[in-house]
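A.B. asks: Next up, query.txt (compact mmCIF, C-alpha atoms).
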```txt
# COMPACT_ATOMS: atom_id res chain seq x y z
CA MET A 1 -10.04 5.97 19.30
CA ALA A 2 -10.00 9.06 21.51
CA ILE A 3 -11.13 11.41 18.76
CA ARG A 4 -14.84 11.35 17.97
CA ASN A 5 -16.53 13.23 15.16
CA THR A 6 -19.95 14.34 14.02
CA ILE A 7 -19.34 14.21 10.29
CA ARG A 8 -22.18 11.79 9.59
CA ARG A 9 -24.70 14.10 11.31
CA LEU A 10 -23.23 17.21 9.67
CA ARG A 11 -23.53 15.56 6.25
CA PHE A 12 -27.15 14.72 7.02
CA ASP A 13 -27.80 18.33 8.11
CA HIS A 14 -26.32 19.59 4.85
CA GLY A 15 -28.83 18.00 2.54
CA GLU A 16 -27.55 14.43 2.87
CA MET A 17 -24.19 15.41 1.40
CA THR A 18 -22.50 12.26 0.13
CA GLN A 19 -19.07 11.12 1.24
CA GLN A 20 -17.89 11.64 -2.34
CA GLU A 21 -19.11 15.26 -2.34
CA LEU A 22 -17.34 15.95 0.95
CA ALA A 23 -14.22 14.21 -0.35
CA ASP A 24 -14.22 16.35 -3.50
CA ASN A 25 -14.61 19.51 -1.40
CA ILE A 26 -11.68 18.75 0.90
CA GLY A 27 -9.37 17.11 -1.65
CA VAL A 28 -9.20 13.52 -0.35
CA THR A 29 -10.65 10.22 -1.55
CA ARG A 30 -14.09 8.92 -0.55
CA GLN A 31 -12.40 6.03 1.26
CA THR A 32 -10.48 8.51 3.42
CA VAL A 33 -13.68 10.36 4.33
CA ASN A 34 -15.22 7.01 5.27
CA ALA A 35 -12.18 6.11 7.43
CA ILE A 36 -12.34 9.50 9.19
CA GLU A 37 -16.10 9.20 9.73
CA LEU A 38 -15.71 5.71 11.25
CA GLY A 39 -12.94 6.98 13.55
CA LYS A 40 -10.35 4.69 11.94
CA TYR A 41 -8.15 7.51 10.72
CA SER A 42 -7.34 10.84 12.36
CA PRO A 43 -6.90 13.49 9.68
CA SER A 44 -4.23 16.18 9.64
CA LEU A 45 -5.14 19.56 11.12
CA GLU A 46 -5.38 20.98 7.60
CA VAL A 47 -7.96 18.42 6.47
CA ALA A 48 -9.83 18.80 9.78
CA PHE A 49 -10.09 22.56 9.24
CA ARG A 50 -11.21 22.01 5.64
CA ILE A 51 -14.01 19.71 6.83
CA ALA A 52 -15.13 22.31 9.38
CA ALA A 53 -15.02 25.01 6.68
CA VAL A 54 -17.20 22.95 4.32
CA PHE A 55 -19.88 22.69 7.02
CA GLY A 56 -19.33 26.27 8.20
CA VAL A 57 -18.85 25.29 11.84
CA PRO A 58 -15.95 25.58 14.31
CA LEU A 59 -13.50 22.68 14.46
CA ASP A 60 -14.69 21.51 17.89
CA GLN A 61 -18.17 20.96 16.50
CA VAL A 62 -16.73 18.43 14.06
CA PHE A 63 -14.09 16.72 16.22
CA GLN A 64 -14.13 16.09 19.95
CA TYR A 65 -11.28 14.70 22.02
CA ASP A 66 -12.62 12.04 24.37
CA LEU A 67 -10.57 12.32 27.57
CA GLY A 68 -12.23 9.20 28.98
CA GLN A 69 -10.87 7.05 26.17
CA ALA A 70 -7.51 8.79 25.99
CA GLY A 71 -6.14 6.44 28.70
CA ARG A 72 -2.56 6.95 29.77
CA HIS A 73 -2.09 9.66 27.17
CA LYS A 74 -4.48 11.85 29.14
CA PRO A 75 -2.92 15.31 29.36
CA LYS A 76 -2.22 16.83 32.80
CA VAL A 77 -4.52 19.80 33.34
CA MET B 1 -12.63 -1.26 -3.35
CA SER B 2 -10.62 1.87 -4.16
CA PHE B 3 -8.47 2.32 -7.26
CA ARG B 4 -5.28 2.26 -5.15
CA GLU B 5 -6.27 -1.00 -3.46
CA LYS B 6 -7.06 -2.60 -6.83
CA SER B 7 -3.70 -1.34 -8.07
CA ALA B 8 -1.94 -2.95 -5.08
CA TRP B 9 -3.78 -6.24 -5.73
CA ILE B 10 -2.69 -6.23 -9.39
CA SER B 11 0.96 -5.59 -8.50
CA LEU B 12 0.89 -8.19 -5.74
CA LEU B 13 -0.62 -10.93 -7.90
CA LEU B 14 1.64 -10.18 -10.88
CA LEU B 15 4.75 -10.26 -8.73
CA PHE B 16 3.58 -13.45 -7.09
CA VAL B 17 2.85 -15.23 -10.37
CA LEU B 18 5.80 -13.95 -12.42
CA GLY B 19 8.22 -14.24 -9.50
CA GLY B 20 6.94 -17.77 -8.95
CA ILE B 21 7.62 -18.66 -12.60
CA TYR B 22 11.15 -17.23 -12.47
CA PHE B 23 12.20 -18.80 -9.18
CA GLY B 24 10.48 -22.08 -10.08
CA ASN B 25 12.72 -22.22 -13.15
CA PHE B 26 15.70 -21.22 -11.01
CA ALA B 27 14.97 -24.11 -8.63
CA ARG B 28 14.95 -26.49 -11.62
CA ILE B 29 18.36 -25.16 -12.70
CA LEU B 30 19.70 -25.72 -9.18
CA ALA B 31 18.29 -29.26 -9.17
CA GLY B 32 19.97 -29.95 -12.52
CA GLN B 33 16.66 -30.50 -14.29
CA HIS B 34 15.70 -29.25 -17.73
CA ALA B 35 15.06 -25.51 -17.46
CA LEU B 36 14.94 -22.34 -19.53
CA SER B 37 17.86 -19.89 -19.71
CA ASP B 38 17.48 -17.70 -16.62
CA LEU B 39 18.66 -14.58 -18.48
CA HIS B 40 16.16 -14.96 -21.31
CA LEU B 41 13.36 -15.80 -18.91
CA PHE B 42 14.27 -12.81 -16.74
CA PHE B 43 13.94 -10.31 -19.58
CA ALA B 44 10.80 -12.00 -20.94
CA LEU B 45 9.16 -11.77 -17.51
CA ILE B 46 10.21 -8.13 -17.05
CA VAL B 47 8.51 -7.27 -20.37
CA ALA B 48 5.45 -9.35 -19.37
CA LEU B 49 5.31 -7.55 -16.00
CA ILE B 50 5.43 -4.10 -17.58
CA VAL B 51 2.82 -4.95 -20.24
CA ALA B 52 0.46 -6.61 -17.73
CA GLU B 53 0.82 -3.73 -15.24
CA VAL B 54 0.00 -1.15 -17.92
CA VAL B 55 -2.93 -3.09 -19.44
CA LEU B 56 -4.53 -3.96 -16.09
CA HIS B 57 -4.06 -0.45 -14.67
CA VAL B 58 -5.63 1.07 -17.79
CA ALA B 59 -8.53 -1.39 -17.40
CA ILE B 60 -9.24 -0.43 -13.77
CA ALA B 61 -8.75 3.28 -14.58
CA ILE B 62 -11.43 3.01 -17.29
CA ARG B 63 -13.82 1.44 -14.77
CA SER B 64 -13.29 4.22 -12.18
CA PRO B 65 -11.80 7.24 -13.98
CA GLN B 66 -12.47 9.78 -11.23
CA ASP B 67 -10.79 7.60 -8.61
CA ALA B 68 -7.80 7.08 -10.90
CA ARG B 69 -7.39 10.81 -11.58
CA THR B 70 -7.51 11.79 -7.89
CA PRO B 71 -3.97 12.27 -6.55
CA ARG B 72 -2.91 10.30 -3.47
CA ASP B 73 -4.23 11.96 -0.34
CA GLU B 74 -2.55 12.11 3.08
CA ARG B 75 -3.97 8.77 4.30
CA GLU B 76 -2.86 6.96 1.15
CA ARG B 77 0.61 8.52 1.39
CA LEU B 78 0.81 7.39 5.02
CA ILE B 79 -0.21 3.83 4.03
CA ASP B 80 2.48 3.89 1.32
CA LEU B 81 5.10 4.99 3.83
CA GLN B 82 4.09 2.38 6.43
CA ALA B 83 4.12 -0.41 3.83
CA THR B 84 7.49 0.73 2.45
CA ARG B 85 8.97 0.76 5.96
CA ILE B 86 7.84 -2.84 6.60
CA ALA B 87 9.21 -3.92 3.20
CA PHE B 88 12.52 -2.17 3.92
CA TYR B 89 13.14 -4.43 6.92
CA VAL B 90 12.32 -7.50 4.83
CA LEU B 91 14.77 -6.35 2.15
CA LEU B 92 17.41 -5.59 4.79
CA VAL B 93 17.16 -9.09 6.29
CA GLY B 94 17.08 -10.66 2.81
CA ALA B 95 20.13 -8.72 1.60
CA PHE B 96 22.02 -9.61 4.78
CA ALA B 97 21.06 -13.28 4.49
CA SER B 98 22.15 -13.26 0.82
CA ASN B 99 25.72 -12.80 2.05
CA GLY B 100 25.46 -16.34 3.35
CA THR B 101 25.75 -17.64 -0.23
CA MET B 102 29.39 -16.47 -0.23
CA HIS B 103 30.18 -19.23 2.26
CA LEU B 104 28.73 -22.06 0.18
CA HIS B 105 31.25 -24.51 -1.21
CA LEU B 106 30.71 -24.13 -4.93
CA ARG B 107 32.91 -24.91 -7.93
CA ASP B 108 34.00 -21.36 -8.65
CA SER B 109 33.41 -17.77 -7.66
CA GLY B 110 31.14 -17.29 -10.72
CA ASP B 111 28.62 -19.77 -9.28
CA ARG B 112 28.68 -17.96 -5.95
CA ALA B 113 28.08 -14.57 -7.60
CA TRP B 114 25.24 -16.06 -9.70
CA LEU B 115 23.63 -17.58 -6.62
CA MET B 116 24.10 -14.42 -4.59
CA SER B 117 22.56 -12.24 -7.29
CA HIS B 118 19.50 -14.53 -7.29
CA ALA B 119 19.32 -14.41 -3.49
CA VAL B 120 19.31 -10.60 -3.65
CA LEU B 121 16.72 -10.65 -6.45
CA PHE B 122 14.55 -13.02 -4.41
CA SER B 123 14.81 -10.65 -1.42
CA MET B 124 13.70 -7.77 -3.63
CA VAL B 125 10.68 -9.70 -4.93
CA VAL B 126 9.69 -10.82 -1.42
CA ALA B 127 10.09 -7.23 -0.14
CA GLU B 128 7.83 -5.95 -2.93
CA VAL B 129 5.25 -8.66 -2.22
CA VAL B 130 5.32 -7.68 1.46
CA LYS B 131 4.95 -4.00 0.51
CA PHE B 132 1.86 -4.55 -1.62
CA GLY B 133 0.45 -7.03 0.89
CA SER B 134 0.92 -4.49 3.68
CA GLN B 135 -0.75 -1.78 1.60
CA ILE B 136 -3.77 -4.02 1.05
CA ALA B 137 -3.93 -4.93 4.76
CA LEU B 138 -3.74 -1.25 5.74
CA TYR B 139 -6.42 -0.26 3.22
CA ARG B 140 -8.63 -3.11 4.51
CA ARG B 141 -8.08 -2.05 8.15
CA ASP B 142 -9.50 1.42 7.42
CA ALA B 143 -12.38 0.22 5.25
```
Translate this structure into structure tokens?
C.D. replies:
Amino acid sequence: MAIRNTIRRLRFDHGEMTQQELADNIGVTRQTVNAIELGKYSPSLEVAFRIAAVFGVPLDQVFQYDLGQAGRHKPKV
Amino acid sequence: MSFREKSAWISLLLLFVLGGIYFGNFARILAGQHALSDLHLFFALIVALIVAEVVLHVAIAIRSPQDARTPRDERERLIDLQATRIAFYVLLVGAFASNGTMHLHLRDSGDRAWLMSHAVLFSMVVAEVVKFGSQIALYRRDA
């Protein structure tokens, strides 16, 4: 998947916050947090912003778009 | 395993078992063997399905109350939509194929209508089985 994230590290940096705690804070299930963390599900912008808000960091510190893996969907810049 | 996945498993297995009982009996009627009245069996199985769904869902909700209380989130709604879309195509093909029963050479039009209604019912059961099966596969893919 072209979108990487640092949620696991951010949880660790915030006192080993559990997936369940993060899920409760952003209003999704623990399984969804797990799927996002493993890069198996890309969340909506709203949930992405909520995750960033929980950790108090900008969105691009949580999610990064990997141009190398984006393949033929690579945007023209 | 999440509450929603357990719920999908329950619905899948119940449909599989109860649908199997109903259409097994229907096959015996078609073969001219001793069988139960399809109408009585149909209503008995509908009641059994509702009771079993309620009892088993209450049982899994008691085991994971927080999970059961949490409303569906965006990923779960997306999985529902994807599974429903797959099942829709199965139902569409099944309903279309059910029209084929109108061309069977049967004694009277009542037999054709009876057979066609069962073909449509079978398509609905298969579509539901595919829906719950797809939900489980999609939940497993993300796990």
A.B. asks: Between CA of His57 (chain B) and CA of Arg4 (chain B), what is the distance, to one decimal in Å?
C.D. replies: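 Going from CA of His57 (chain B) over to CA of Arg4 (chain B), I get 10.0 Å.
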A.B. asks: Within 12 Å of Glu46 (chain A), counting only C-alpha atoms, which residues show up once you throw out same-chain ones fewer than 2 positions away? Write them as a list of chain:residue names, please.
C.D. replies: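 So the residues in contact are A:Ile26, A:Gly27, A:Val28, A:Ser42, A:Pro43, A:Ser44, A:Ala48, A:Phe49, A:Arg50, A:Ile51, A:Ala52, A:Ala53, A:Leu59, B:Glu74.
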A.B. asks: For chain B, which residues have at least one atom within 12 Å of chain A, if we go by only C-alpha atoms? Write them as a PyMOL selection string, please.
C.D. replies: chain B and resi 1-5+66-79+138-143
A.B. asks: Find the residues with any atom within 10 Å of (-15.6, 16.1, 18.0); use all atoms listed in the file and the coordinates as given in the file, and write the answer as a short mmCIF file (atom, residue, chain, number, x, y, z; two decimals) with C-alpha atoms, in the frame of the given file.
C.D. replies:
```cif
data_model
loop_
_atom_site.label_atom_id
_atom_site.label_comp_id
_atom_site.auth_asym_id
_atom_site.auth_seq_id
_atom_site.Cartn_x
_atom_site.Cartn_y
_atom_site.Cartn_z
CA ALA A 2 -10.00 9.06 21.51
CA ILE A 3 -11.13 11.41 18.76
CA ARG A 4 -14.84 11.35 17.97
CA ASN A 5 -16.53 13.23 15.16
CA THR A 6 -19.95 14.34 14.02
CA ILE A 7 -19.34 14.21 10.29
CA LEU A 59 -13.50 22.68 14.46
CA ASP A 60 -14.69 21.51 17.89
CA GLN A 61 -18.17 20.96 16.50
CA VAL A 62 -16.73 18.43 14.06
CA PHE A 63 -14.09 16.72 16.22
CA GLN A 64 -14.13 16.09 19.95
CA TYR A 65 -11.28 14.70 22.02
CA ASP A 66 -12.62 12.04 24.37
#
```
A.B. asks: Using only C-alpha atoms, pick whichever of B:Ile60, B:Ile86, B:Ala119, B:Ala137 has the shortest atom-to-atom distance to Thr101 (chain B).
C.D. replies: B:Ala119
A.B. asks: Report the distance between CA of Pro65 (chain B) and CA of Gln135 (chain B) in Å, rounded to one decimal place.
C.D. replies: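 Computed distance, CA of Pro65 (chain B) to CA of Gln135 (chain B), equals 21.1 Å.
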A.B. asks: Give me the residues near Leu121 (chain B) as a list in words, where near means some atom within 12 Å (using only C-alpha atoms) and where sequence neighbours in that chain fewer than 6 positions away do not count.
C.D. replies: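 Counting only C-alpha atoms, the residues come to Gly19, Tyr22, Phe23, Phe26, Phe42, Leu91, Gly94, Ala95, Ser98, Trp114, Leu115, Ala127 and Glu128 of chain B.
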A.B. asks: Please measure the separation of CA of Leu15 (chain B) and CA of Val129 (chain B), giving the value in Å to one decimal.
C.D. replies: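 Here the two named atoms are 6.7 Å from each other.
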A.B. asks: Counting only C-alpha atoms, figure out which residue out of A:Gly68, A:Phe55, A:Arg9, A:Leu45 gets nearest to Leu22 (chain A).
C.D. replies: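 Ranking A:Gly68, A:Phe55, A:Arg9, A:Leu45 by distance to Leu22 (chain A), first place goes to A:Phe55.
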A.B. asks: Regenerate region 36-47 of chain B at the level of all heavy atoms and dump it as a compact mmCIF listing (two decimals), in the coordinates of the input.
C.D. replies:
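Output file part_2.txt follows:
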```
# COMPACT_ATOMS: atom_id res chain seq x y z
N LEU B 36 14.68 -23.39 -18.55
CA LEU B 36 14.94 -22.34 -19.53
C LEU B 36 16.17 -21.54 -19.10
O LEU B 36 16.55 -21.56 -17.93
CB LEU B 36 13.72 -21.40 -19.61
CG LEU B 36 12.41 -22.04 -20.05
CD1 LEU B 36 11.26 -21.07 -19.79
CD2 LEU B 36 12.47 -22.40 -21.53
N SER B 37 16.74 -20.79 -20.05
CA SER B 37 17.86 -19.89 -19.71
C SER B 37 17.34 -18.82 -18.76
O SER B 37 16.34 -18.16 -19.04
CB SER B 37 18.38 -19.25 -20.99
OG SER B 37 18.98 -18.01 -20.69
N ASP B 38 18.01 -18.66 -17.60
CA ASP B 38 17.48 -17.70 -16.62
C ASP B 38 17.53 -16.27 -17.14
O ASP B 38 16.67 -15.46 -16.83
CB ASP B 38 18.20 -17.84 -15.26
CG ASP B 38 19.69 -17.70 -15.37
OD1 ASP B 38 20.22 -17.77 -16.49
OD2 ASP B 38 20.34 -17.52 -14.32
N LEU B 39 18.54 -15.95 -17.96
CA LEU B 39 18.66 -14.58 -18.48
C LEU B 39 17.52 -14.26 -19.43
O LEU B 39 16.87 -13.20 -19.32
CB LEU B 39 20.01 -14.40 -19.17
CG LEU B 39 20.38 -12.96 -19.52
CD1 LEU B 39 20.60 -12.14 -18.26
CD2 LEU B 39 21.63 -12.93 -20.39
N HIS B 40 17.25 -15.19 -20.36
CA HIS B 40 16.16 -14.96 -21.31
C HIS B 40 14.81 -14.89 -20.61
O HIS B 40 13.98 -14.03 -20.91
CB HIS B 40 16.14 -16.08 -22.38
CG HIS B 40 17.32 -16.04 -23.28
ND1 HIS B 40 17.82 -17.15 -23.91
CD2 HIS B 40 18.13 -15.01 -23.64
CE1 HIS B 40 18.88 -16.81 -24.64
NE2 HIS B 40 19.09 -15.52 -24.49
N LEU B 41 14.63 -15.80 -19.65
CA LEU B 41 13.36 -15.80 -18.91
C LEU B 41 13.20 -14.51 -18.11
O LEU B 41 12.11 -13.94 -18.05
CB LEU B 41 13.31 -17.02 -17.97
CG LEU B 41 12.02 -17.20 -17.19
CD1 LEU B 41 10.84 -17.44 -18.13
CD2 LEU B 41 12.13 -18.35 -16.18
N PHE B 42 14.30 -14.04 -17.53
CA PHE B 42 14.27 -12.81 -16.74
C PHE B 42 13.76 -11.64 -17.58
O PHE B 42 12.82 -10.94 -17.18
CB PHE B 42 15.67 -12.51 -16.19
CG PHE B 42 15.74 -11.24 -15.39
CD1 PHE B 42 15.30 -11.21 -14.07
CD2 PHE B 42 16.25 -10.08 -15.94
CE1 PHE B 42 15.36 -10.04 -13.33
CE2 PHE B 42 16.31 -8.89 -15.20
CZ PHE B 42 15.87 -8.88 -13.89
N PHE B 43 14.35 -11.45 -18.75
CA PHE B 43 13.94 -10.31 -19.58
C PHE B 43 12.52 -10.51 -20.13
O PHE B 43 11.76 -9.54 -20.23
CB PHE B 43 14.95 -10.06 -20.70
CG PHE B 43 16.21 -9.42 -20.18
CD1 PHE B 43 17.40 -10.11 -20.16
CD2 PHE B 43 16.18 -8.13 -19.65
CE1 PHE B 43 18.56 -9.53 -19.65
CE2 PHE B 43 17.32 -7.54 -19.13
CZ PHE B 43 18.52 -8.24 -19.12
N ALA B 44 12.16 -11.74 -20.44
CA ALA B 44 10.80 -12.00 -20.94
C ALA B 44 9.77 -11.67 -19.85
O ALA B 44 8.72 -11.07 -20.12
CB ALA B 44 10.67 -13.47 -21.34
N LEU B 45 10.10 -12.03 -18.60
CA LEU B 45 9.16 -11.77 -17.51
C LEU B 45 9.10 -10.29 -17.15
O LEU B 45 8.04 -9.78 -16.76
CB LEU B 45 9.53 -12.61 -16.28
CG LEU B 45 9.30 -14.12 -16.43
CD1 LEU B 45 9.80 -14.88 -15.20
CD2 LEU B 45 7.82 -14.42 -16.65
N ILE B 46 10.22 -9.58 -17.30
CA ILE B 46 10.21 -8.13 -17.05
C ILE B 46 9.27 -7.45 -18.05
O ILE B 46 8.44 -6.62 -17.68
CB ILE B 46 11.64 -7.52 -17.18
CG1 ILE B 46 12.51 -7.97 -16.00
CG2 ILE B 46 11.60 -5.99 -17.27
CD1 ILE B 46 12.17 -7.34 -14.67
N VAL B 47 9.39 -7.84 -19.33
CA VAL B 47 8.51 -7.27 -20.37
C VAL B 47 7.05 -7.63 -20.06
O VAL B 47 6.15 -6.78 -20.12
CB VAL B 47 8.92 -7.77 -21.77
CG1 VAL B 47 7.89 -7.36 -22.83
CG2 VAL B 47 10.30 -7.24 -22.15
```
